[in-house]
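Asks: Take a look at this one; I'll ask things after.
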There are 2 protein chains.
Amino acid sequence: MISSTSLFDPVELDLRLLTDNLKQLISARHPILGAAAEHLFEAGGKRLRPAIVLLVSRATMLDQDLTPRHRRLAEITEMIHTASLVHDDVVDEADLRRNVPTVNNLFDNRIAVLAGDFLFAQSSWYLANLDNLQVVKLLSEVIRDFAEGEILQSINRFDVDISLESYLEKSYYKTASLIANSAKAAGVLSDVSDETAEQLYGYGRDLGLAFQIVDDILDFTSPTEILGKPAGSDLISGNITAPVLFAMEENPELVTLIDREFKQKGDIEQALQIVNESQGIDRARELAGYHAKLAVKQLECLKPSGASRSLFELADYVLSRLY
Amino acid sequence: MISSTSLFDPVELDLRLLTDNLKQLISARHPILGAAAEHLFEAGGKRLRPAIVLLVSRATMLDQDLTPRHRRLAEITEMIHTASLVHDDVVDEADLRRNVPTVNNLFDNRIAVLAGDFLFAQSSWYLANLDNLQVVKLLSEVIRDFAEGEILQSINRFDVDISLESYLEKSYYKTASLIANSAKAAGVLSDVSDETAEQLYGYGRDLGLAFQIVDDILDFTSPTEILGKPAGSDLISGNITAPVLFAMEENPELVTLIDREFKQKGDIEQALQIVNESQGIDRARELAGYHAKLAVKQLECLKPSGASRSLFELADYVLSRLY
């Protein structure tokens with residue numbers, strides 16, 4: 001597995017600055033949220049989203065330093081992402097995330113709703129003060145997509161008729177939209193051409209889809225100690241992801257089990273066994289590989305640099321999480 | 001008591017259109033939220049906030065019709081307000097609001113967090129698409145202030161050292177900021193002078209403060225059937241409002257009761273009796289009257305019209321809720 005640390009070398013210092021800024025931003029104002037913030041921004045996140053923003057920024061500002069706006073955009077990206085995680089955990093009643101207790105678990109729902117609202121609100125405010133209407137629109141789209149994705153996921157629980165297209169749509173809303181729109185926004189702040197901006201968007205979208213598909217595979221294949229939750233927990237809660245969609249095509253018995261919402265004893269164990277013995281995980285891996293390849297193709301607009309190389313290698317890194 | 005219906009005559013049709021639009025906006029996309037939206041936008045709200053936006057819009061567009069942007073701003077205002085109520089009710093674990101079951105009660109916390117996020121997200125998106133950076137900044141300030149106000153209220157529960165200034169600050173964040181910034185934004189959309197924009201902001205701020213103080217008085221003086229919750233419920237939950245602040249000055253026994261968080265039997269009843277027998281409610285009423293007067297003074301920038309007359313009379317209407 002490729003280490004994300006060496007991959008992020010070109011923006012290592014930028015990322016350290018970002019983490020300090022984010023913690024200070026929140027702790028300074030509210031001790032009550034400070035503990036939650038410290039917890040949130042320390043919780044071993046990969047900083048993937050701000051890293052992409054910073055790498056795109058460096059790759060499109062080759063002869064110049066990053067502007068404070070590029071840095072702020074990276075911070076906004078991480079704030080929006082974190083806010084969505086905090087509210088997701090309330091909605092899903094999750095106790096652990098990456099093996100670390102969630103805010104709703106460590107504190108309570110009240111603090112978790114407040115902390116999420118505060119982060120969303122802060123990000124809206126910083127966003128408006130970037131003074132760039134196009135960037136405001138791109139990121140407000142993301143916030144809207146998050147809400148949409150979470151709702152779609154709620155609606156489609158245990159819906160065995162969900163199509164691959166619907167799954168990809170939901171994955172776009174939940175994951176790829178933020179990466180796509182923030183990569184494009186970083187380009188916009190660097191004054192790239194409209195064509196380049198679109199390609200950066202496309203890179204982020206396909207990388208984000210690959211990332212989500214890989215996450216959905218890991219939910220089945222990772223040991224519980226690493227996930228911090230039981231294997232197959234997405235499926236158990238009725239969230240139908242790529243491996244399951246492919247496995248259902250192969251084995252209609254799985255459809256029956258999901259359709260009755262695992263009401264009978266042994267249903268869950270049987271369903272997990274069917275997925276694991278099917279081609280579902282292999283086919284999902286292929287789908288992730290397809291999107292990773294599409295992502296890389298759209299980077300041709302960038303001149304060679306350390307940062308653009310990292311963006312290329314990120315596509316492999318995303319897939320390498322499977323090995 | 002003045003009827004808000006006749007007060008809102010100049011914008012009655014506008015308000016009807018707004019309600020239809022808001023319901024459609026949400027129900028059309030998500031049946032799951034449709035029920036919540038129908039419930040939210042039907043729940044007998046006074047539409048005070050969008051009415052003020054529409055009245056300011058009409059009062060500053062005398063010879064012209066409202067633009068779609070003015071209408072959209074009014075919708076955004078109601079969406080932000082409603083989103084904040086929905087999350088407030090989760091945070092406060094409230095079962096009723098205006099005698100109607102809350103979303104978290106009727107559905108559950110999950111749907112309530114989602115519905116609030118969806119409304120905030122929609123409003124951010126519509127806001128960005130008003131294509132006016134100044135208006136985006138004004139309203140993103142409001143969203144930030146809401147989160148701030150809710151946090152301050154959480155932090156200051158049972159804090160007997162809270163000052164009148166802190167109380168007014170919290171009331172500004174929770175209530176007045178939205179009215180002030182959206183009144184100003186309506187003026188900005190009508191291209192008023194900077195001076196008029198500031199006066200509209202001042203009108204909204206003082207009217208909003210008066211409104212919040214009156215609400216805080218009604219929490220003590222309204223019959224339970226009208227409030228839909230027991231009298232004094234703010235104080236019982238540790239939220240120290242104007243009547244209590246004044247009553248504490250008069251009777252130190254009240255400080256003791258609050259400071260021990262009503263731990264002993266009969267504490268609550270005794271505290272409520274002290275507030276009711278003190279000058280607290282009268283002094284709070286005076287404070288509300290002071291801000292209502294300040295609000296009206298700042299309307300001198302407007303030319304006479306049906307809409308500007310309604311804005312004037314709104315100040316009396318706010319106070320008349322006490323009789």
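By convention here, the chains of the structure tokens are called A, B, ... in the order presented, each chain's residues are numbered starting at 1, and ligands are numbered starting at 1 in the order presented.
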If you run DSSP on this backbone, which residues of region 4-212 of chain B come out as alpha helix (DSSP H), and could you give them as an MDAnalysis selection string?
Replies: chainID B and resid 4:7 12:27 31:42 48:60 68:91 103:106 109:128 133:155 164:171 177:189 194:212
Asks: Please write the residues from the selection above to a file, keeping C-alpha atoms, as a compact mmCIF listing (two decimals), in the first residue's frame.
Replies:
```
# COMPACT_ATOMS: atom_id res chain seq x y z
CA SER B 4 -50.95 40.31 11.71
CA THR B 5 -53.23 39.58 8.75
CA SER B 6 -54.30 43.17 8.17
CA LEU B 7 -50.77 44.33 8.91
CA GLU B 12 -50.72 39.21 1.35
CA LEU B 13 -50.63 37.77 -2.15
CA ASP B 14 -46.83 37.67 -2.05
CA LEU B 15 -46.95 35.64 1.16
CA ARG B 16 -49.45 33.19 -0.27
CA LEU B 17 -47.22 32.65 -3.28
CA LEU B 18 -44.25 32.18 -0.95
CA THR B 19 -45.97 29.48 1.09
CA ASP B 20 -46.93 27.54 -2.03
CA ASN B 21 -43.42 27.86 -3.42
CA LEU B 22 -41.78 26.70 -0.22
CA LYS B 23 -43.96 23.62 0.06
CA GLN B 24 -43.42 22.70 -3.55
CA LEU B 25 -39.70 23.29 -3.38
CA ILE B 26 -39.30 20.57 -0.82
CA SER B 27 -42.15 18.12 -1.34
CA PRO B 31 -41.60 12.56 -0.37
CA ILE B 32 -39.82 11.63 2.86
CA LEU B 33 -39.18 15.31 3.59
CA GLY B 34 -42.42 16.35 1.94
CA ALA B 35 -44.41 15.30 4.98
CA ALA B 36 -42.01 17.19 7.24
CA ALA B 37 -42.12 20.25 4.96
CA GLU B 38 -45.89 20.25 4.69
CA HIS B 39 -45.96 20.07 8.45
CA LEU B 40 -43.34 22.79 8.87
CA PHE B 41 -44.67 25.36 6.48
CA GLU B 42 -48.29 24.74 7.49
CA LEU B 48 -43.03 37.41 10.16
CA ARG B 49 -39.57 37.15 8.63
CA PRO B 50 -40.51 36.82 4.96
CA ALA B 51 -43.26 39.43 5.50
CA ILE B 52 -40.63 41.94 6.64
CA VAL B 53 -38.44 41.14 3.63
CA LEU B 54 -41.41 41.57 1.29
CA LEU B 55 -42.55 44.79 2.99
CA VAL B 56 -39.05 46.28 2.81
CA SER B 57 -38.88 45.16 -0.82
CA ARG B 58 -42.20 46.84 -1.68
CA ALA B 59 -41.30 49.94 0.34
CA THR B 60 -38.05 50.35 -1.61
CA PRO B 68 -37.82 37.35 -8.63
CA ARG B 69 -34.75 37.96 -6.46
CA HIS B 70 -36.74 39.84 -3.83
CA ARG B 71 -39.16 36.93 -3.67
CA ARG B 72 -36.37 34.39 -3.52
CA LEU B 73 -34.74 36.32 -0.68
CA ALA B 74 -37.99 36.12 1.30
CA GLU B 75 -38.12 32.36 0.69
CA ILE B 76 -34.50 31.93 1.75
CA THR B 77 -35.25 33.86 4.94
CA GLU B 78 -38.10 31.51 5.85
CA MET B 79 -36.03 28.44 4.93
CA ILE B 80 -33.13 29.47 7.18
CA HIS B 81 -35.53 30.29 10.00
CA THR B 82 -37.34 26.96 9.66
CA ALA B 83 -34.07 24.99 9.45
CA SER B 84 -32.90 26.60 12.68
CA LEU B 85 -36.19 25.74 14.43
CA VAL B 86 -35.95 22.11 13.38
CA HIS B 87 -32.40 21.75 14.71
CA ASP B 88 -33.22 23.78 17.84
CA ASP B 89 -35.97 21.30 18.63
CA VAL B 90 -33.52 18.40 18.30
CA VAL B 91 -31.00 20.19 20.52
CA VAL B 103 -40.36 17.08 13.52
CA ASN B 104 -38.13 15.15 15.94
CA ASN B 105 -41.25 14.13 17.84
CA LEU B 106 -43.51 13.33 14.86
CA ASN B 109 -34.06 12.85 15.28
CA ARG B 110 -32.71 11.34 12.06
CA ILE B 111 -35.34 12.94 9.85
CA ALA B 112 -35.12 16.20 11.82
CA VAL B 113 -31.34 16.51 11.35
CA LEU B 114 -31.73 15.65 7.64
CA ALA B 115 -34.64 18.05 7.12
CA GLY B 116 -32.74 20.89 8.81
CA ASP B 117 -29.57 20.17 6.83
CA PHE B 118 -31.60 20.00 3.63
CA LEU B 119 -33.21 23.38 4.31
CA PHE B 120 -29.88 25.01 5.23
CA ALA B 121 -28.30 23.49 2.13
CA GLN B 122 -31.14 24.60 -0.14
CA SER B 123 -30.98 28.10 1.25
CA SER B 124 -27.18 28.28 0.74
CA TRP B 125 -27.65 27.19 -2.82
CA TYR B 126 -30.47 29.61 -3.62
CA LEU B 127 -28.47 32.30 -1.91
CA ALA B 128 -25.41 31.72 -4.09
CA LEU B 133 -22.02 38.74 -3.32
CA GLN B 134 -23.09 41.37 -0.78
CA VAL B 135 -26.37 39.55 -0.16
CA VAL B 136 -24.55 36.22 0.11
CA LYS B 137 -22.32 37.71 2.80
CA LEU B 138 -25.23 39.23 4.74
CA LEU B 139 -27.15 35.97 4.88
CA SER B 140 -24.15 33.72 5.52
CA GLU B 141 -23.53 35.95 8.54
CA VAL B 142 -27.02 35.01 9.73
CA ILE B 143 -26.38 31.27 9.43
CA ARG B 144 -23.18 31.74 11.41
CA ASP B 145 -24.97 33.81 14.04
CA PHE B 146 -27.62 31.12 14.50
CA ALA B 147 -25.01 28.50 15.32
CA GLU B 148 -23.30 31.00 17.61
CA GLY B 149 -26.55 31.85 19.40
CA GLU B 150 -27.49 28.25 19.96
CA ILE B 151 -24.02 27.54 21.36
CA LEU B 152 -24.07 30.60 23.64
CA GLN B 153 -27.43 29.48 24.95
CA SER B 154 -26.05 26.02 25.64
CA ILE B 155 -22.98 27.39 27.39
CA LEU B 164 -27.95 41.98 30.19
CA GLU B 165 -25.44 42.61 27.41
CA SER B 166 -24.80 38.87 26.97
CA TYR B 167 -28.54 38.26 26.94
CA LEU B 168 -29.02 40.88 24.21
CA GLU B 169 -26.05 39.48 22.27
CA LYS B 170 -27.53 35.99 22.35
CA SER B 171 -30.93 37.42 21.33
CA SER B 177 -29.56 38.93 13.05
CA LEU B 178 -31.86 37.25 10.51
CA ILE B 179 -34.38 40.10 10.53
CA ALA B 180 -31.66 42.79 10.39
CA ASN B 181 -29.55 41.24 7.67
CA SER B 182 -32.47 40.17 5.50
CA ALA B 183 -34.12 43.62 5.73
CA LYS B 184 -30.82 45.14 4.66
CA ALA B 185 -30.42 42.55 1.90
CA ALA B 186 -33.88 43.41 0.54
CA GLY B 187 -32.75 47.04 0.39
CA VAL B 188 -29.52 46.03 -1.34
CA LEU B 189 -31.53 44.18 -4.00
CA ASP B 194 -25.60 52.57 1.82
CA GLU B 195 -27.12 54.82 4.45
CA THR B 196 -30.63 53.49 3.88
CA ALA B 197 -29.28 49.92 3.88
CA GLU B 198 -27.74 50.55 7.32
CA GLN B 199 -30.99 52.00 8.63
CA LEU B 200 -32.93 48.99 7.38
CA TYR B 201 -30.42 46.81 9.20
CA GLY B 202 -30.92 48.87 12.36
CA TYR B 203 -34.70 48.61 12.04
CA GLY B 204 -34.47 44.82 11.76
CA ARG B 205 -32.03 44.53 14.65
CA ASP B 206 -34.13 46.55 17.11
CA LEU B 207 -37.41 45.05 15.95
CA GLY B 208 -35.86 41.58 16.31
CA LEU B 209 -34.62 42.33 19.83
CA ALA B 210 -38.05 43.65 20.82
CA PHE B 211 -39.62 40.53 19.35
CA GLN B 212 -37.30 38.20 21.29
```
Asks: One decimal, Å: what's the distance from CA of Cys301 (chain A) over to CA of Glu313 (chain A), could you say?
Replies: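 About the pair CA of Cys301 (chain A) and CA of Glu313 (chain A): they are 15.7 Å apart.
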Asks: Would you please work out which residue, of B:Gln64, B:Asn251, B:Thr241, B:Asn132, is nearest to chain A when using only C-alpha atoms?
Replies: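 Counting only C-alpha atoms, the residue closest to chain A is B:Asn132.
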Asks: One number please: CA of Thr221 (chain B) to CA of Ile281 (chain B), in Å, one decimal.
Replies: 8.7 Å
Asks: Need the shell around Glu269 (chain B): protein/DNA/RNA residues with any atom at most 10 Å away, counting only C-alpha atoms. Skip same-chain ones fewer than 4 positions apart. Format as JSON, numbers by chain?
Replies: {"B": [232, 236, 262, 265, 273, 274]}
Asks: Residues of the last selection are to be written out with all heavy atoms, as a CSV table (one decimal), in the first residue's frame.
Replies:
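Output contents, as saved in result_25.csv:
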```csv
chain,number,residue,atom,x,y,z
B,232,GLY,N,-42.9,29.3,32.0
B,232,GLY,CA,-41.6,29.3,32.6
B,232,GLY,C,-40.6,28.3,32.1
B,232,GLY,O,-39.6,28.0,32.7
B,236,ILE,N,-36.9,27.0,33.5
B,236,ILE,CA,-36.8,25.6,34.0
B,236,ILE,C,-35.6,24.9,33.3
B,236,ILE,O,-34.9,24.2,33.9
B,236,ILE,CB,-38.1,24.8,33.8
B,236,ILE,CG1,-39.2,25.5,34.7
B,236,ILE,CG2,-37.9,23.4,34.1
B,236,ILE,CD1,-40.6,25.0,34.3
B,262,PHE,N,-32.2,24.2,40.4
B,262,PHE,CA,-33.5,23.7,40.9
B,262,PHE,C,-33.5,22.3,41.4
B,262,PHE,O,-34.3,21.5,41.2
B,262,PHE,CB,-34.6,23.8,39.8
B,262,PHE,CG,-34.7,25.2,39.2
B,262,PHE,CD1,-34.6,25.4,37.8
B,262,PHE,CD2,-34.8,26.3,40.0
B,262,PHE,CE1,-34.7,26.6,37.2
B,262,PHE,CE2,-34.8,27.6,39.4
B,262,PHE,CZ,-34.8,27.8,38.0
B,265,LYS,N,-36.7,20.2,46.0
B,265,LYS,CA,-38.1,20.1,45.8
B,265,LYS,C,-38.7,21.5,46.0
B,265,LYS,O,-38.4,22.2,46.9
B,265,LYS,CB,-38.7,19.1,46.7
B,265,LYS,CG,-40.0,18.4,46.2
B,265,LYS,CD,-40.6,17.5,47.1
B,265,LYS,CE,-42.1,17.4,46.8
B,265,LYS,NZ,-42.9,17.4,48.0
B,273,GLN,N,-42.6,31.9,41.1
B,273,GLN,CA,-43.4,32.9,41.9
B,273,GLN,C,-42.6,34.2,42.1
B,273,GLN,O,-43.1,35.3,42.0
B,273,GLN,CB,-43.7,32.3,43.3
B,273,GLN,CG,-44.7,33.0,44.1
B,273,GLN,CD,-45.0,32.4,45.5
B,273,GLN,OE1,-44.5,31.3,45.7
B,273,GLN,NE2,-45.7,33.1,46.3
B,274,ILE,N,-41.3,34.0,42.4
B,274,ILE,CA,-40.4,35.2,42.5
B,274,ILE,C,-40.4,36.1,41.3
B,274,ILE,O,-40.6,37.3,41.3
B,274,ILE,CB,-39.0,34.8,42.9
B,274,ILE,CG1,-38.9,34.2,44.3
B,274,ILE,CG2,-38.0,36.0,42.8
B,274,ILE,CD1,-37.5,33.7,44.7
```
